[in-house]
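Undergrad: Okay, here's the structure, questions in a sec.
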Amino acid sequence: MLVAGARLASAQTASSASFTGRGPLETREEWLLAQPRLTLPALSPDPLPDGATRVRLDGDWGSDFAWRWRFPGDLEDLRFIVDGEHRTMGIEVRRGVTPSLTLGARLAVQWRGGGILDGVIDWWHSVVHLPGNSRSLFPHGRFRVEAEHGGEPAVNWDARAGTGLGRAELSAQWALSRRASGWRTAVVGRLALPSGTGPFAAGGADAGAQLLAAHRLGSAFDLYLGAGATRLGRGVLDGVDYVGLRPHGFFVLEWRPGWRWSLLAEASGAGRLTRNLDAYPDMHAYLKLGSKVDLSRGWRIEGGFLEGIKNLQATTDFGIFAGVSREF
């Protein structure tokens, strides 16, 4: 769909004599342990025009698998195991209220469970020769989240699969500089309210802040950078003792090979998520590849995939994401 849309859009006459950067793929971390908490997406510092409204619908589907054994070869006595899938469908409305200030609100429906992707992921890793984290040693299609702390059981989500509302997010983005040449910068703050239901019900609010920057590279490339942190509210959630302060960062390169088509490559990462899971990694990183296509009358479609590249025991194994937005 993205390739076909790009061909159609490239054939249209552009309304401007210069390319316009479309910005990063605004995905959140949906790893099973991170799904109930606030995470920071890659984002452009460019504000919406004064008086413009953008409505965006996005979806994310991924397979999560990680484990550590206590003694090599013993699959019955594990320090922790995270085995399952996530699916999220979100809707976000953003509004340019001044030339520099953009406000937004987002609400998502989330799901977690056993899923159907295990065999597909094994095949994908064999094709691209990426490590599969010994997934074949365990039964397929199960939902299992268990962990211990100090040698004693601490977490068991095996009966906590299902669907529910996630945290409602409010955001405010302030553009610090909006020059056509040189660096464009902005700050953005987020507040995630404890509005979750079902397996995602949680007490306490989460907050986050980011510093964003972008720079035009020649006539067809844009560079985007971001750094920030989240302050997680109530520390213990379903047995997981989450850290209080968690750093986030990203690096994105956008290439515009056509008038209305962008290809994007992103490297992103975050610091330690929990503090009571024995042998749980301190940090992780992802590689995301995707595309955005502008269609007529303010419509935009986007999509891509991600792979965990820095610690496979704390990242989504493989995921796909897509979105459609309309600007008024």
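Naming works like this for the structure tokens: A, B, ... for the chains as they're shown, residue 1 at the start of each chain, ligands 1 onward in shown order.
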Identify, on the basis of only C-alpha atoms, every residue whose closest approach to Gly233 in chain A does not exceed 9 Å; exclude the query and any residue fewer than 3 positions from it along the same chain; express the result as a PyMOL selection string.
TA: chain A and resi 203-207+242+244
Undergrad: Extract, using only C-alpha atoms, all DNA, RNA and protein residues at most 9 Å from Glu29 in chain A, discarding same-chain residues fewer than 2 positions from it, and format them as a JSON list (two decimals) with N, CA and C atoms, in the first residue's frame.
TA:
```
[["chain", "number", "residue", "atom", "x", "y", "z"],
["A", 27, "THR", "N", 6.22, 5.97, 17.01],
["A", 27, "THR", "CA", 5.84, 4.74, 17.69],
["A", 27, "THR", "C", 6.30, 4.78, 19.14],
["A", 31, "TRP", "N", 6.81, -3.21, 24.27],
["A", 31, "TRP", "CA", 7.32, -4.39, 24.98],
["A", 31, "TRP", "C", 6.41, -4.68, 26.18],
["A", 32, "LEU", "N", 6.11, -5.96, 26.43],
["A", 32, "LEU", "CA", 5.06, -6.31, 27.40],
["A", 32, "LEU", "C", 5.24, -5.64, 28.76],
["A", 34, "ALA", "N", 6.80, -2.84, 29.33],
["A", 34, "ALA", "CA", 6.72, -1.38, 29.19],
["A", 34, "ALA", "C", 5.34, -0.92, 28.75],
["A", 35, "GLN", "N", 4.52, -1.81, 28.22],
["A", 35, "GLN", "CA", 3.22, -1.45, 27.66],
["A", 35, "GLN", "C", 2.33, -0.68, 28.64],
["A", 38, "LEU", "N", 4.29, 4.94, 30.57],
["A", 38, "LEU", "CA", 4.55, 5.98, 29.58],
["A", 38, "LEU", "C", 5.94, 5.78, 28.98],
["A", 39, "THR", "N", 6.00, 5.77, 27.65],
["A", 39, "THR", "CA", 7.27, 5.79, 26.94],
["A", 39, "THR", "C", 7.24, 6.94, 25.93],
["A", 40, "LEU", "N", 8.41, 7.38, 25.49],
["A", 40, "LEU", "CA", 8.51, 8.58, 24.66],
["A", 40, "LEU", "C", 8.77, 8.21, 23.20],
["A", 41, "PRO", "N", 7.92, 8.64, 22.28],
["A", 41, "PRO", "CA", 8.13, 8.35, 20.86],
["A", 41, "PRO", "C", 9.14, 9.31, 20.24],
["A", 315, "THR", "N", 13.77, -6.47, 24.79],
["A", 315, "THR", "CA", 13.20, -5.77, 23.63],
["A", 315, "THR", "C", 12.16, -6.64, 22.94],
["A", 316, "THR", "N", 11.27, -5.98, 22.21],
["A", 316, "THR", "CA", 10.38, -6.68, 21.30],
["A", 316, "THR", "C", 11.22, -7.40, 20.26]]
```
Undergrad: Tell me which of A:Tyr286, A:Phe318, A:Trp255, A:Phe200 sits closest to Phe221 in chain A, counting only C-alpha atoms.
TA: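 For Phe221 in chain A, the nearest of the candidates is A:Trp255.
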Undergrad: Name the closest residue to Gly228 in chain A among the candidates A:Ala192, A:Val97, A:Ala270, A:Ala202; distances are taken between atoms, counting only C-alpha atoms.
TA: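 Using only C-alpha atoms, the shortest distance to Gly228 in chain A belongs to A:Ala270.
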Undergrad: Please provide as JSON, numbers by chain all residues within 10 Å of Ser325 in chain A, with the sequence filter that same-chain residues fewer than 3 positions apart are discarded (counting only C-alpha atoms).
TA: {"A": [54, 55, 56, 57, 58, 91, 92, 93, 294, 298, 299, 300, 301, 302]}
Undergrad: Looking at only C-alpha atoms, which of A:Gly23, A:Leu191, A:Asp238, A:Leu137 is the one that sits closest to Gly73 in chain A?
TA: A:Leu137
Undergrad: Which residue gives the smallest distance to Ser268 in chain A among A:Ala201, A:Asp46, A:Arg28, A:Gly21, with only C-alpha atoms counted?
TA: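 Once distances to Ser268 in chain A are computed over only C-alpha atoms, the minimum belongs to A:Arg28.
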Undergrad: Considering only strand (DSSP E or B) as DSSP defines it on the backbone, what residues of range 53-300 of chain A qualify? List them as a ChimeraX atom specification.
TA: /A:53-69,78-96,101-113,144-149,152-156,162-165,168-177,183-193,206-217,221-231,236-237,240-242,245-258,261-270,274,284-294,299-300
Undergrad: In Å to one decimal, how far is CA of Leu289 in chain A from CA of Phe138 in chain A?
TA: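 CA of Leu289 in chain A lies at a distance of 28.8 Å from CA of Phe138 in chain A.
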Undergrad: Skipping near chain neighbours, those fewer than 2 positions away, what residues fall within 10 Å of Ala209 in chain A using only C-alpha atoms, listed as a list in words?
TA: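 The neighbour list is Leu40, Ser171, Ala172, Gln173, Val187, Val188, Gly189, Arg190, Leu191, Ala207, Leu211, Leu212, Ala227, Gly228, Ala229, Thr230, Arg231, Pro247 and His248 of chain A.
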Undergrad: Just want the 7 Å neighbourhood of Glu148 in chain A, counted on only C-alpha atoms, with same-chain residues fewer than 5 positions away dropped. Output as JSON, numbers by chain.
TA: {"A": [79, 80, 153, 154, 155, 277, 278]}
Undergrad: I'd like the contact shell of Gly162 in chain A - 7 Å cut-off, only C-alpha atoms, skipping same-chain residues fewer than 6 positions apart - returned as an MDAnalysis selection string.
TA: chainID A and resid 111:113 199
Undergrad: Since we have the selection now, will you write its residues out, keeping N, CA and C atoms, as a JSON list (two decimals), in the first residue's frame?
TA:
```json
[["chain", "number", "residue", "atom", "x", "y", "z"],
["A", 111, "TRP", "N", -3.83, -4.73, 23.98],
["A", 111, "TRP", "CA", -4.06, -6.17, 24.18],
["A", 111, "TRP", "C", -2.72, -6.84, 24.42],
["A", 112, "ARG", "N", -2.73, -7.89, 25.22],
["A", 112, "ARG", "CA", -1.58, -8.76, 25.37],
["A", 112, "ARG", "C", -2.06, -10.19, 25.56],
["A", 113, "GLY", "N", -1.29, -11.14, 25.01],
["A", 113, "GLY", "CA", -1.69, -12.53, 25.08],
["A", 113, "GLY", "C", -0.69, -13.42, 24.39],
["A", 199, "PRO", "N", -6.45, -5.55, 32.30],
["A", 199, "PRO", "CA", -5.07, -5.86, 32.70],
["A", 199, "PRO", "C", -4.15, -4.64, 32.71]]
```
Undergrad: Ranking A:Leu170, A:Gly303, A:Gly218, A:Thr163 by minimum distance to Thr197 in chain A and counting only C-alpha atoms, which one comes first?
TA: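 For Thr197 in chain A, the nearest of the given residues is A:Thr163.
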Undergrad: Of the candidates A:Arg87, A:Arg178, A:Arg160, A:Arg68, which one gets nearest to Ala147 in chain A if we count only C-alpha atoms?
TA: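 Using only C-alpha atoms, Ala147 in chain A sits closest to A:Arg68.
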Undergrad: In Å, rounded to a single decimal, give me how far CA of Pro36 in chain A is from CA of Gly198 in chain A.
TA: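 Between CA of Gly198 in chain A and CA of Pro36 in chain A the gap is 11.1 Å.
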Undergrad: Report as a PyMOL selection string all protein, DNA and RNA residues lying within 12 Å of Arg275 in chain A, evaluated on only C-alpha atoms, omitting residues in the same chain fewer than 5 positions from it.
TA: chain A and resi 147-150+154+235-236+239-246+280-283
Undergrad: In Å, rounded to a single decimal, give me how far CA of Pro45 in chain A is from CA of Gly96 in chain A.
TA: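 Pair CA of Gly96 in chain A / CA of Pro45 in chain A returns 12.9 Å.
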